[in-house]
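**Student:** After the structure tokens below, expect a handful of questions from me.
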Amino acid sequence: MAQGWGDGLPLIPPTEARVQDFLVQGGRFPDEVVAFLPPLRSECTVEKIAINAVMAGCTGDAMPLLCAAIEAMADPAFDLAGLNATTGSVVPAIIVNGTIRNRLDIPYQAGCLGGVASPAVAIGRALRLIMRNVAGQLIGSTSQSVYGTPGRVAGILFAEWEERSPWAPLAERRGVKGDAVTAYGAMGTANICDVVANSADGFLDMIAKSMAYPGANGFLPSSAFSETLCAINPIWAEVIARDYPRMEDVQAYLWDKCALPIDWFRPEYRDPIGNLGRIKPDGRVHLVPTPDDVLVMVAGGEGGLHAAMLHSWGTCLSVTRPVVAA
Amino acid sequence: MTMILDPTASLAHDITDPGPDAGDLRGKRIAIRIDMLWRSWDWVSEVWADGLRAEGAHVTFWRSCGRTGEEGVAADRDYAALLANSDMAIVGLGNCGSCTSWTIADALRAAATGIPTIAVATAHFEGLANNLAKRGGRSGLRLHILPYPLDILPKEQVNDIARDHYRSFLRGFGVRSGLVEQSAA
């Protein structure tokens, strides 16, 4: 901690022996450069990943997932340089698909966004330590985050409940079958509760309208585009899929309802939003430009009643990468 | 003895030189990078552009919009073309975290082409701008600092600030002109 390497929680000393064990288990060459991470723009090598992962309490079998997550976050489309410096409270959420979910015990059922005991906490924390120690993201120095978020300590790392999803897995819909990670710039997580709806349209209405709050970054007059993500519990998903078996139709429904009338904004907002061409002929402004920008996945407990929304920070585009076994 | 391994990465190679002075402005093509976020920077840069034109320079504005996806690829291409056709660059505004990051990234890119370059940020983000310039490998990057908060001020007040800062901005940019010499005297 005195070296400035930590996040406030106790760290496991990254001894040479521990790191060596991790590297052997991870099966990658230590000097291999996985990515260049801003703001430091220095080399993120396999060895640096291993050292930080050991400190976080992570085991070596997570190395392929860690590398894939780092590669996804380093993609220029993800805009890690902006994300790591912003005043916003954004943290890269990592969504895991494929059988690796079960091999690494990544949660996708009750408590998947936090609270359930799982190695995902250590993996997420490893990614956060890498962001701190390798990328150089430090509050007050290179990060201007006004509030931060609890997700900046142990990350937001969870999986999709593929077995209970009526639709294809998120990563597969984004072009990567099998083991994969999707990095998404999440402004934390927020809950959507509904104890009345009992139909597909009812659930989707509540989700879409809840996502359309005016302080969402997607509505900023400076945001040319954005994405949004919602996790639907398996009970609701089953009901929704009876009426909307095609994911494209789910996305289209959510996109359509996730909008605000331009008159709802104060006058000084209207010109900047209009200048971006974001006001539709019907006088509404959509949170995101197209239905494709609404990311939907199935996760959460069988208690139903709730969905989770993760708003995007802005123009950082989610990136999906395969997890390649060593 | 147990050896503890270092989890941190080292800083990139650092250039402490601010790069060439702007010098004489007559006939020079000056690129001013603005953005979608800060109306105050639009106003400041308009005031400064009038002054630069009065010194005989040709000013071109370029607005940074989305920097990812297809829009980002197009922006990168347009910015490269702008720099290729400019003799100096004024890059702003660092007035939040991410916009400071992009401001410094674009300023570093301009400086790397060898043209006189200055980044502009507000006081609250001065430390971030300096840190990012250093971590980007060019701690000597010229930086002009405007007051903070700026964007919540009315246009007339921002214009007054722009005029008040114009001479010190020119000096920081290494401009040689009668106005600067008069100011120095």
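Starting from 1 in every chain, residues are counted up; chains themselves are A, B, ... following the order of the structure tokens, and ligands are numbered from 1 as listed.
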If you run DSSP on the backbone here, which positions in chain B get strand (DSSP E or B)? Please write them as an NGL selection string.

**Tutor:** :B and (4 or 23 or 29-35 or 58-64 or 88-94 or 117-122 or 142-146 or 175)

**Student:** Store the residues picked out above in a file with N, CA and C atoms, as a tab-separated table (two decimals), in the first residue's frame.

**Tutor:**
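To be explicit, this is the file written out as again_1.tsv:
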chain	number	residue	atom	x	y	z
B	4	ILE	N	9.72	-9.29	-4.04
B	4	ILE	CA	8.39	-8.80	-4.43
B	4	ILE	C	8.53	-8.15	-5.80
B	23	GLY	N	6.43	31.91	-33.58
B	23	GLY	CA	7.15	32.92	-34.37
B	23	GLY	C	6.23	33.94	-34.99
B	29	ARG	N	-0.77	29.26	-41.57
B	29	ARG	CA	-2.06	28.55	-41.51
B	29	ARG	C	-2.20	27.96	-40.10
B	30	ILE	N	-3.19	28.43	-39.39
B	30	ILE	CA	-3.36	28.00	-37.99
B	30	ILE	C	-4.62	27.16	-37.86
B	31	ALA	N	-4.46	25.97	-37.33
B	31	ALA	CA	-5.61	25.09	-37.07
B	31	ALA	C	-6.05	25.29	-35.63
B	32	ILE	N	-7.35	25.52	-35.44
B	32	ILE	CA	-7.90	25.58	-34.08
B	32	ILE	C	-8.86	24.41	-33.92
B	33	ARG	N	-8.52	23.56	-32.98
B	33	ARG	CA	-9.35	22.39	-32.72
B	33	ARG	C	-10.36	22.74	-31.63
B	34	ILE	N	-11.65	22.64	-31.99
B	34	ILE	CA	-12.72	22.86	-31.03
B	34	ILE	C	-13.46	21.54	-30.83
B	35	ASP	N	-14.53	21.56	-30.05
B	35	ASP	CA	-15.21	20.28	-29.77
B	35	ASP	C	-16.71	20.49	-29.70
B	58	HIS	N	-3.99	32.75	-41.35
B	58	HIS	CA	-5.22	32.14	-41.89
B	58	HIS	C	-5.67	31.08	-40.89
B	59	VAL	N	-6.89	31.20	-40.43
B	59	VAL	CA	-7.37	30.31	-39.37
B	59	VAL	C	-8.39	29.32	-39.91
B	60	THR	N	-8.21	28.05	-39.55
B	60	THR	CA	-9.18	27.00	-39.89
B	60	THR	C	-9.65	26.33	-38.61
B	61	PHE	N	-10.97	26.24	-38.46
B	61	PHE	CA	-11.52	25.53	-37.30
B	61	PHE	C	-11.79	24.07	-37.66
B	62	TRP	N	-11.57	23.19	-36.70
B	62	TRP	CA	-11.93	21.78	-36.86
B	62	TRP	C	-12.60	21.31	-35.58
B	63	ARG	N	-13.80	20.76	-35.75
B	63	ARG	CA	-14.58	20.36	-34.58
B	63	ARG	C	-14.46	18.85	-34.35
B	64	SER	N	-14.00	18.49	-33.17
B	64	SER	CA	-13.88	17.07	-32.80
B	64	SER	C	-15.25	16.57	-32.37
B	88	MET	N	0.62	25.53	-37.66
B	88	MET	CA	0.61	25.48	-36.20
B	88	MET	C	-0.78	25.08	-35.73
B	89	ALA	N	-0.85	24.63	-34.48
B	89	ALA	CA	-2.12	24.09	-33.98
B	89	ALA	C	-2.42	24.60	-32.57
B	90	ILE	N	-3.69	24.97	-32.39
B	90	ILE	CA	-4.21	25.35	-31.07
B	90	ILE	C	-5.31	24.33	-30.74
B	91	VAL	N	-5.15	23.63	-29.64
B	91	VAL	CA	-6.00	22.46	-29.39
B	91	VAL	C	-6.71	22.62	-28.04
B	92	GLY	N	-8.04	22.58	-28.06
B	92	GLY	CA	-8.79	22.67	-26.81
B	92	GLY	C	-10.17	22.04	-26.96
B	93	LEU	N	-10.86	21.91	-25.89
B	93	LEU	CA	-10.57	22.49	-24.58
B	93	LEU	C	-10.57	21.38	-23.55
B	94	GLY	N	-9.56	21.39	-22.71
B	94	GLY	CA	-9.57	20.46	-21.59
B	94	GLY	C	-10.40	21.06	-20.46
B	117	THR	N	2.68	23.85	-31.38
B	117	THR	CA	1.40	23.36	-30.87
B	117	THR	C	1.20	23.86	-29.45
B	118	ILE	N	-0.04	24.25	-29.16
B	118	ILE	CA	-0.38	24.60	-27.78
B	118	ILE	C	-1.74	24.01	-27.44
B	119	ALA	N	-1.83	23.41	-26.28
B	119	ALA	CA	-3.11	22.89	-25.78
B	119	ALA	C	-3.71	23.91	-24.83
B	120	VAL	N	-5.02	23.90	-24.72
B	120	VAL	CA	-5.71	24.85	-23.84
B	120	VAL	C	-6.63	24.07	-22.90
B	121	ALA	N	-6.53	24.40	-21.62
B	121	ALA	CA	-7.38	23.73	-20.62
B	121	ALA	C	-7.82	24.76	-19.59
B	122	THR	N	-8.79	24.40	-18.79
B	122	THR	CA	-9.20	25.28	-17.69
B	122	THR	C	-8.44	24.88	-16.42
B	142	ARG	N	3.28	22.72	-24.72
B	142	ARG	CA	2.79	24.04	-24.31
B	142	ARG	C	1.33	23.94	-23.88
B	143	LEU	N	1.03	24.66	-22.79
B	143	LEU	CA	-0.33	24.59	-22.25
B	143	LEU	C	-0.74	25.99	-21.81
B	144	HIS	N	-1.89	26.43	-22.28
B	144	HIS	CA	-2.44	27.70	-21.79
B	144	HIS	C	-3.65	27.40	-20.91
B	145	ILE	N	-3.69	28.07	-19.77
B	145	ILE	CA	-4.75	27.78	-18.80
B	145	ILE	C	-5.75	28.94	-18.72
B	146	LEU	N	-7.01	28.59	-18.91
B	146	LEU	CA	-8.10	29.55	-18.76
B	146	LEU	C	-8.75	29.35	-17.39
B	175	VAL	N	4.82	33.39	-29.95
B	175	VAL	CA	4.53	34.26	-31.09
B	175	VAL	C	5.42	35.50	-31.02

**Student:** What residues in chain A have any atom no more than 9 Å from chain B when counting only C-alpha atoms, and can you write them as a PyMOL selection string?

**Tutor:** chain A and resi 5+13-17+19+38-44+47-52+55+76-79+81-88+129-130+132-136+140-145+221-225+272+315-317

**Student:** If you count only C-alpha atoms, which residues fall within 8 Å of region 40-47 of chain B, apart from same-chain ones fewer than 2 positions away, as a ChimeraX atom specification?

**Tutor:** /B:32,34,38,49-51,92-93,150-151,153,155,158-159,161-163

**Student:** Restricted to C-alpha atoms, what would the selected residues look like written as a short mmCIF file (atom, residue, chain, number, x, y, z; two decimals), in the first residue's frame?

**Tutor:**
data_model
loop_
_atom_site.label_atom_id
_atom_site.label_comp_id
_atom_site.auth_asym_id
_atom_site.auth_seq_id
_atom_site.Cartn_x
_atom_site.Cartn_y
_atom_site.Cartn_z
CA ILE B 32 -7.90 25.58 -34.08
CA ILE B 34 -12.72 22.86 -31.03
CA TRP B 38 -17.86 23.62 -24.65
CA ALA B 49 -9.09 33.79 -34.25
CA ASP B 50 -10.00 37.43 -34.92
CA GLY B 51 -6.74 38.46 -33.31
CA GLY B 92 -8.79 22.67 -26.81
CA LEU B 93 -10.57 22.49 -24.58
CA LEU B 150 -15.72 28.88 -17.62
CA ASP B 151 -18.60 27.24 -19.40
CA LEU B 153 -20.37 32.12 -17.64
CA LYS B 155 -20.84 34.98 -23.49
CA VAL B 158 -16.18 34.72 -21.61
CA ASN B 159 -15.29 37.13 -24.40
CA ILE B 161 -11.68 36.55 -20.49
CA ALA B 162 -10.61 35.63 -24.02
CA ARG B 163 -9.42 39.16 -24.65
#

**Student:** Using CA of Asp179 (chain A) and CA of Met131 (chain A) as the two end points, give the distance in Å to one decimal.

**Tutor:**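 Separation between CA of Asp179 (chain A) and CA of Met131 (chain A): 23.1 Å.
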
**Student:** One number please: CA of Val90 (chain A) to CA of Ile156 (chain A), in Å, one decimal.

**Tutor:**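 We find that CA of Val90 (chain A) and CA of Ile156 (chain A) lie 10.7 Å from each other.
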
**Student:** Could you work out how far CA of Ala190 (chain A) lies from CA of Arg278 (chain A), giving the answer in Å with one decimal?

**Tutor:**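 Distance reported for this atom pair: 25.2 Å.
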
**Student:** Nearest to Met247 (chain A): which of A:Ala168, A:Ala93, A:Ile106, A:Leu65 is it, counting only C-alpha atoms?

**Tutor:**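 Answer, going by the shortest atom-to-atom distance: A:Ala168.
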
**Student:** Just want the 6 Å neighbourhood of Pro64 (chain A), counted on only C-alpha atoms, with same-chain residues fewer than 5 positions away dropped. Output as a list in words.

**Tutor:**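 Contacts, in chain order: Val323, Val324 and Ala325 of chain A.
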
**Student:** Check region 64-181 of chain B with DSSP on the backbone and list each residue it calls helix (DSSP H, G or I), as an MDAnalysis selection string.

**Tutor:** chainID B and resid 69:84 97:112 123:135 155:172 178:181

**Student:** Between A:Gly4, A:Gly304, A:Pro10, A:Pro289, which has the minimum distance to Gly218 (chain A) (counting only C-alpha atoms)?

**Tutor:**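 Closest to Gly218 (chain A), using only C-alpha atoms: A:Pro289.
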
**Student:** Mind checking which residues fall within 9 Å of Val250 (chain A), counting only C-alpha atoms, ignoring those fewer than 2 positions away in the same chain, and posting them as a short mmCIF file (atom, residue, chain, number, x, y, z; two decimals) with C-alpha atoms, in the first residue's frame?

**Tutor:**
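Wrote it out as result09.cif, contents follow:
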data_model
loop_
_atom_site.label_atom_id
_atom_site.label_comp_id
_atom_site.auth_asym_id
_atom_site.auth_seq_id
_atom_site.Cartn_x
_atom_site.Cartn_y
_atom_site.Cartn_z
CA LEU A 204 -40.32 -4.18 -21.96
CA ILE A 240 -40.90 -11.78 -23.30
CA ALA A 241 -39.64 -14.46 -25.68
CA TYR A 244 -40.70 -11.74 -29.18
CA PRO A 245 -38.71 -14.84 -30.06
CA ARG A 246 -36.33 -12.76 -32.17
CA MET A 247 -33.84 -10.66 -30.25
CA GLU A 248 -33.95 -8.04 -32.99
CA ALA A 252 -36.44 -2.66 -31.59
CA TYR A 253 -39.16 -2.48 -28.96
CA LEU A 254 -36.78 -1.23 -26.27
CA TRP A 255 -35.21 1.28 -28.64
CA PRO A 291 -31.95 -0.78 -32.01
CA VAL A 296 -29.72 -7.19 -24.05
#

**Student:** Give me the residues within 10 Å of Ala80 (chain B) as a count of residues only, counting only C-alpha atoms and dropping any in the same chain fewer than 5 places off.

**Tutor:** 7

**Student:** Restricting the calculation to only C-alpha atoms, which member of A:Cys112, A:Val24, A:Leu287, A:Ile139 is positioned closest to Pro214 (chain A)?

**Tutor:** A:Leu287

**Student:** From the list A:Pro107, A:Pro92, A:Gly175, A:Pro166, which residue is nearest His311 (chain A) when using only C-alpha atoms?

**Tutor:** A:Pro92
